[in-house]
Amino acid sequence: MELGSDIIHDIVHPTAAYSQFIRFRADHHDAGDSYRLLPVDWEASQLNPKNRVDSLDHLPNPLWRIDGCTGLGTQFYVLPLFLRCVPPMRIDAFIPEQSSQSYDIRQLLDLDVAFHTKDRARVQELNISKHILRALQLWTKSLPEPEALFTSMPFGSRIVFKSLSLNVRAMEIDVAPTHYLERQLLSSSALAQMWGATVQLPEHVDISEVHVVEQIHDSVCLVRIQGRLWILKTSTSYTKYLYHELKLLLSAKPHPNVMSRPAHLVTKRCSFGSKTAVIGFTLEYHCYGTMRDIVPLQRIHNTLSPAEQFKWAMQITSGVLHHRNTSGTFYPDLRLDNVVLSKDRDAIIVDFEQRGVWCEFASPEINAIEYIRLLAIDEDIPEDVRDHYAEILRRMCPDFETLHSREEYTNPANGYNICWACLSPKEQEASEVYMLGRVLWCIFEGASAPQQAAVWQSYRWEAEVDFPAYLRTPPKIQSLIDRCTIGRRATLDG
C-alpha cells in the first residue's frame, strides 16, 4: 500500500464509508499484487544520470541534524550544527505530502516508511532524511546570514521544500514565517489575569538563555539552562493545549508518580505587538526516557523483572488515582509513550494537554464518539451526512464547534477534548480504567503499545502479540486486565 495522509481519511477513519477515493493500479501480474510499471522515455528513465540521486551517504561535515519526524512523514525536526548554541525556535523542515510524489521518488527516498516512522535512530537512516540534509547543506551555504533564521524569524517558522526531486539542486526551499502563531501566544501577565491568584507562575527565562540539546518529540525537547538539563514543552500548532497543560500542572497537587510542577516559563519577545510571550515551560528531566522504548527493549534482552513490572503497575495506578481524586478533571492520554522513568527507575506520568490519544488507543466509548466527531467536522463527505453527525454530537457536547474551531486559548474549565467532554465523571473514570488495563497489558507483555504497527505509527521494537492476547502476563494480572477492559471490542484494524 502506498502510504500518505489521504489514506487516513479514505481508508482508516469512518469517513472511508463516504469517500470518493479510487485506487488506480497499473496493469499488474495475474499471480501477484506487484505493479507492472509502464515503460518510460529516456527523459524520465532512472537510467538517465540526471534522474539519479547524487548520493545517499551520510555527509562528512553536515550543517544540520535531523532528530525525528512527525506529520505522517512530512515534518522533520532539524537542528543547525553551524550554531554553537541553538535557541528553541522550533524551526522544522516540511516536505510535500507523499501522494503528490512520483513512484520513483517515493521508493528511492523511503517516503512510505517515513509515514509511520518517528524515532530519531530510524528516521536518521531514511533516505529522505539524508536527502533533506544534502539539500539543506547547499541551501544554507547560499544564504548570506543563515544564523538569522534563529534570531529574526517568528517562533515556529518553517523551512518549506516546495517540491521534491532526486536532484538536490533542483529542490526549491523557502522559509515561511509563522506570524499567525505568535499572534496566538500570550504573555505571562495575560495568563495570570485569566487564572487568578490561586495559580502561582514560576520564574521566567528568556529564549536566548535556553539551548537545545535534542528534539525528542514535536512538542518536547531536551534543553540546557545554566548548565542543567531540562525538558522544554512547546507547541507549534495549537497553543491552547500548551497553556491548558501549564495551568493543570501548576494547579496540581504533587505526587511522586506524576510530573512535578513546571520550573520556568520560557519567553520570547514577539515581532507582532512587541509582546513578550510565553512560548513554553520547563519540566524536570528524567534520564531514562519513555517506557514505550524501555519496556520492549528489556523484554528482548530478557531483563524485564516481575518486581519492576509490579512496581511500575502500582506506581502508574497510584498516579492515575491521585489525579482523578484531586484534580477535578480527567486524564485521557494514558499510554506508555506518556510514562517516563526517573533516575531511581520509578514511573512518572507526563503529558497533561488532554488532547487524547490516537483513534483506537482509547476506550470503545471514546472511539465511538471520536468517529462521530470525525464525521461531524469533515468537509469532504456529503453535507447531509455531516449535518446528521453534527447534530448527534451537538446533543452530547453543545459547544463542540467552538471547542474545535477556536485556535486561541480562552481558559475553558474542562479543556478542549470534545470526546471526553461528552462523558459524565463516572464515565470518564471508566474510560481511564480501560486505558489503565491496556497499559498494564503493555507492561506485563513487554510491548510498546496494545497494537503492533498501526498504519500511522510503527515502533522500534514490536511486540509478538496484540491486545488482548497473552503470552507473558501472570494469570491473576490477566484477570485484572480483563476486568479493566470489560466491554472491549475489536479495533478497526482488526
# chains A, B, ... in the order shown; residues from 1 in each chain; ligands from 1
>>> select_by_dssp(residues="range 104-325 of chain A", states="helix (DSSP H, G or I)", output="ChimeraX atom specification")
/A:104-108,111-116,120-123,127-142,146-150,168-170,179-184,188-195,207-209,239-251,291-300,306-325
>>> residues_around(residues="Val385 in chain A", least_positions_apart="6", cutoff="9 Å", atoms="only C-alpha atoms", output="list in words")
Tyr18, Leu375 and Ala376 of chain A
>>> residues_around(residues="range 341-344 of chain A", least_positions_apart="3", cutoff="8 Å", atoms="only C-alpha atoms", output="MDAnalysis selection string")
chainID A and resid 286:291 347:348
>>> select_by_dssp(residues="range 261-427 of chain A", states="strand (DSSP E)", output="PyMOL selection string")
chain A and resi 264-269+276-283+289-290+339-341+347-349
>>> residues_around(residues="range 208-219 of chain A", least_positions_apart="4", cutoff="8 Å", atoms="only C-alpha atoms", output="ChimeraX atom specification")
/A:67-70,77,85-88,120,223-226,233-236
>>> residues_around(residues="His179 in chain A", least_positions_apart="5", cutoff="10 Å", atoms="only C-alpha atoms", output="PyMOL selection string")
chain A and resi 153-157+184+270-272
>>> write_last_selection(atoms="C-alpha atoms", output="tab-separated table (two decimals), in the first residue's frame")
chain	number	residue	atom	x	y	z
A	153	MET	CA	12.15	34.87	12.47
A	154	PRO	CA	8.91	34.25	14.40
A	155	PHE	CA	8.78	31.27	16.73
A	156	GLY	CA	7.83	28.06	14.90
A	157	SER	CA	8.68	29.32	11.41
A	184	GLN	CA	-1.80	33.18	19.44
A	270	CYS	CA	7.46	38.77	19.51
A	271	SER	CA	7.56	40.96	16.43
A	272	PHE	CA	3.75	41.04	16.48
>>> atom_distance(atom1="CA of Ile279 in chain A", atom2="CA of Thr326 in chain A")
27.7 Å
>>> atom_distance(atom1="CA of Met396 in chain A", atom2="CA of Leu423 in chain A")
8.1 Å
>>> closest_residue(among="A:Arg460, A:Arg169, A:Arg345, A:His322", to="Ser142 in chain A", atoms="only C-alpha atoms")
A:Arg169
>>> closest_residue(among="A:Ile7, A:Leu166, A:Ile477, A:Val295", to="Glu97 in chain A", atoms="only C-alpha atoms")
A:Ile7
>>> closest_residue(among="A:Asn367, A:Thr329, A:Ser237, A:Ser188", to="Ala277 in chain A", atoms="only C-alpha atoms")
A:Ser188
>>> atom_distance(atom1="CA of Ser251 in chain A", atom2="CA of Tyr180 in chain A")
28.8 Å
>>> residues_around(residues="Phe281 in chain A", least_positions_apart="3", cutoff="8 Å", atoms="only C-alpha atoms", output="PyMOL selection string")
chain A and resi 232-234+246+262-266+278
>>> write_last_selection(atoms="C-alpha atoms", output="short mmCIF file (atom, residue, chain, number, x, y, z; two decimals), in the first residue's frame")
data_model
loop_
_atom_site.label_atom_id
_atom_site.label_comp_id
_atom_site.auth_asym_id
_atom_site.auth_seq_id
_atom_site.Cartn_x
_atom_site.Cartn_y
_atom_site.Cartn_z
CA LEU A 232 11.03 22.04 27.41
CA LYS A 233 7.39 21.75 26.39
CA THR A 234 6.32 23.94 23.45
CA LEU A 246 0.54 24.57 32.01
CA PRO A 262 6.94 23.44 35.84
CA ALA A 263 10.19 25.17 36.82
CA HIS A 264 10.39 28.00 34.27
CA LEU A 265 8.28 29.91 31.78
CA VAL A 266 10.33 30.37 28.61
CA VAL A 278 5.28 32.50 26.88
#
>>> residues_around(residues="Leu321 in chain A", least_positions_apart="6", cutoff="12 Å", atoms="only C-alpha atoms", output="PyMOL selection string")
chain A and resi 255+257-258+314-315+327-331+349+429+432-433+436
>>> write_last_selection(atoms="N, CA and C atoms", output="tab-separated table (two decimals), in the first residue's frame")
chain	number	residue	atom	x	y	z
A	255	HIS	N	2.57	14.56	43.53
A	255	HIS	CA	2.53	13.11	43.74
A	255	HIS	C	3.82	12.54	43.15
A	257	ASN	N	4.53	10.04	41.49
A	257	ASN	CA	4.44	9.38	40.18
A	257	ASN	C	3.71	10.21	39.14
A	258	VAL	N	3.61	11.51	39.40
A	258	VAL	CA	3.03	12.46	38.44
A	258	VAL	C	4.06	13.56	38.21
A	314	MET	N	1.87	-0.56	39.98
A	314	MET	CA	1.31	0.08	41.18
A	314	MET	C	1.54	1.59	41.16
A	315	GLN	N	2.71	2.02	40.69
A	315	GLN	CA	3.00	3.45	40.66
A	315	GLN	C	2.11	4.19	39.66
A	327	SER	N	-7.69	16.37	41.09
A	327	SER	CA	-7.63	17.41	40.06
A	327	SER	C	-8.99	17.93	39.63
A	328	GLY	N	-10.03	17.13	39.84
A	328	GLY	CA	-11.35	17.53	39.36
A	328	GLY	C	-11.50	17.41	37.86
A	329	THR	N	-10.57	16.74	37.20
A	329	THR	CA	-10.64	16.57	35.76
A	329	THR	C	-10.17	15.17	35.38
A	330	PHE	N	-10.00	14.92	34.11
A	330	PHE	CA	-9.72	13.57	33.61
A	330	PHE	C	-8.32	13.51	33.00
A	331	TYR	N	-7.84	12.27	32.78
A	331	TYR	CA	-6.55	12.07	32.13
A	331	TYR	C	-6.77	11.15	30.92
A	349	ILE	N	4.12	9.80	35.36
A	349	ILE	CA	3.13	10.10	34.32
A	349	ILE	C	3.33	11.53	33.82
A	429	GLU	N	-14.11	8.15	34.35
A	429	GLU	CA	-13.31	7.25	35.18
A	429	GLU	C	-13.27	5.85	34.59
A	432	GLU	N	-10.79	5.81	31.87
A	432	GLU	CA	-9.43	5.79	32.42
A	432	GLU	C	-9.05	4.38	32.87
A	433	VAL	N	-9.99	3.67	33.49
A	433	VAL	CA	-9.74	2.30	33.94
A	433	VAL	C	-9.43	1.41	32.73
A	436	LEU	N	-5.97	2.17	31.63
A	436	LEU	CA	-5.03	1.61	32.60
A	436	LEU	C	-4.85	0.12	32.35
>>> closest_atom_pairs(of="range 239-309 of chain A", to="range 398-412 of chain A", cutoff="8 Å", atoms="only C-alpha atoms", output="tab-separated table")
residue	atom	partner	partner_atom	distance
A:Thr239	CA	A:Tyr409	CA	6.8
A:Lys240	CA	A:Tyr409	CA	4.2
A:Tyr241	CA	A:Tyr409	CA	7.7
A:Tyr243	CA	A:Tyr409	CA	7.0
A:His244	CA	A:Asn411	CA	7.1
